[in-house]
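Down below is the structure, laid out as structure tokens.
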Amino acid sequence: MASSTEVPDVSDGVLSPLSGRLRVLLGAEGVVDDLRRHFGIGLPPGQAPFTGSRFEHLAGGGDRWEVADRFTAEDLVAVQTLSVTVPAPVALDILEGPLGARLSHLLHAIPKDTDMVDAGAEVVADGSPADQAWHLLRDQSDVGWVIAGKLLARKRPRLLPVYDRVVRCAVGRPPSFWLALRTALREDDAALHRQLLELREVAGVPGTVSALRVCDVAVWMGHRAQEHACPR
């Protein structure tokens, strides 16, 4: 997910393309209502929230201390709430095989209590433990970049974002989405990060939902109607 392309911390007063695009999307009419609908806040009787509303909270969350450095069966179910499924052979290897052991080693080296806005660039850079874990998962048979990213977002929801085809279609394809998003969050005295926290508060979304997840949900909800036009 990372790239050797260097992304600066600041932009000399000029917003990066991703920052500008996200500010437009997050400032659109209906964003608060989209967040409430997704997370099931104030829904009328009989209307269910999106299954993705359980992604970060299922079984107490994938980043709780006792399981933060290993993938569990609950994590594999959690990613299914985001409409993807880890292939059975890969799932078994993650839970019981050498793949799981390698991933646990890498997870141990990824910060547990750090928001992306506060992380050093080296945490999400090319060759970092997070980047190595992403490549290791991506390269498994029938996994790919979307599932790999969602699995890691489950384990480090404050640090690593969900990034799928709908979000990519909405915000574009920077050389490294992680580094570009980190830069966007830090620009202008972390204005974008603060905007996400304010949206979370106004919508009544629980504080246990990360700023990154608020961003992903808001963008995805606003763009999902165009999913058919998004490139594969």
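Letters A, B, ... mark the chains of the structure tokens in the order given; residue numbers begin at 1 per chain; ligand numbers begin at 1, in order shown.
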
>> When DSSP is applied to the backbone of this structure, which of stretch 17-201 of chain A are assigned helix (DSSP H, G or I)? Write them out as a PyMOL selection string.
In response: chain A and resi 17-26+31-39+51-54+58-60+65-67+73-80+88-96+98-108+116-118+121-123+129-138+144-155+165-171+177-201

> Skipping near chain neighbours, those fewer than 4 positions away, what residues fall within 7 Å of A:Trp134 using only C-alpha atoms, listed as a ChimeraX atom specification?
Replying inline: /A:1,130,138,148-149

Would you mind exporting C-alpha atoms of the selected residues as a compact mmCIF listing (two decimals), in the first residue's frame?
```
# COMPACT_ATOMS: atom_id res chain seq x y z
CA MET A 1 0.00 0.00 0.00
CA ALA A 130 2.29 -2.34 8.05
CA ARG A 138 -2.51 -9.03 -0.84
CA ALA A 148 -5.83 -7.01 2.60
CA GLY A 149 -6.61 -3.42 3.49
```

Closest-contact table, stretch 40-106 of chain A side, partner stretch 28-36 of chain A, 12 Å, counting only C-alpha atoms, as a Markdown table:
```
| residue | atom | partner | partner_atom | distance |
| --- | --- | --- | --- | --- |
| A:Gly40 | CA | A:Arg36 | CA | 5.8 |
| A:Ile41 | CA | A:Arg36 | CA | 4.7 |
| A:Gly42 | CA | A:Arg36 | CA | 7.0 |
| A:Leu43 | CA | A:Arg36 | CA | 7.9 |
| A:Pro44 | CA | A:Arg36 | CA | 11.5 |
| A:Ala48 | CA | A:Arg36 | CA | 11.4 |
| A:Pro49 | CA | A:Arg36 | CA | 8.7 |
| A:Phe50 | CA | A:Arg36 | CA | 10.2 |
| A:Gly52 | CA | A:Leu35 | CA | 11.4 |
| A:Ser53 | CA | A:Leu35 | CA | 9.7 |
```

Output file for the residues above (C-alpha atoms, as a PDB file, in the first residue's frame):
```pdb
ATOM      1  CA  GLY A  40     -28.186   2.961  12.662  1.00  0.00           C
ATOM      2  CA  ILE A  41     -28.593   6.193  14.627  1.00  0.00           C
ATOM      3  CA  GLY A  42     -32.191   7.382  14.854  1.00  0.00           C
ATOM      4  CA  LEU A  43     -33.497   4.926  12.289  1.00  0.00           C
ATOM      5  CA  PRO A  44     -37.252   4.339  12.152  1.00  0.00           C
ATOM      6  CA  ALA A  48     -31.676  -1.925   9.912  1.00  0.00           C
ATOM      7  CA  PRO A  49     -28.267  -0.246   9.879  1.00  0.00           C
ATOM      8  CA  PHE A  50     -25.654  -1.296   7.363  1.00  0.00           C
ATOM      9  CA  GLY A  52     -20.583  -2.466   8.130  1.00  0.00           C
ATOM     10  CA  SER A  53     -21.646  -0.655  11.278  1.00  0.00           C
TER      11      SER A  53
END
```

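Distances from A:Leu185, A:Val217, A:Ala121, A:Ala229 to A:Leu18 were compared using only C-alpha atoms, and the smallest one belongs to A:Leu185.
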
>> Quick one: residues within 12 Å of A:Gln226, only C-alpha atoms, excluding same-chain residues fewer than 5 positions away - as a list in words?
In response: Arg165, Val166, Val167, Arg168, Cys169, Ala170, Val219, Trp220, Met221 and Pro231 of chain A
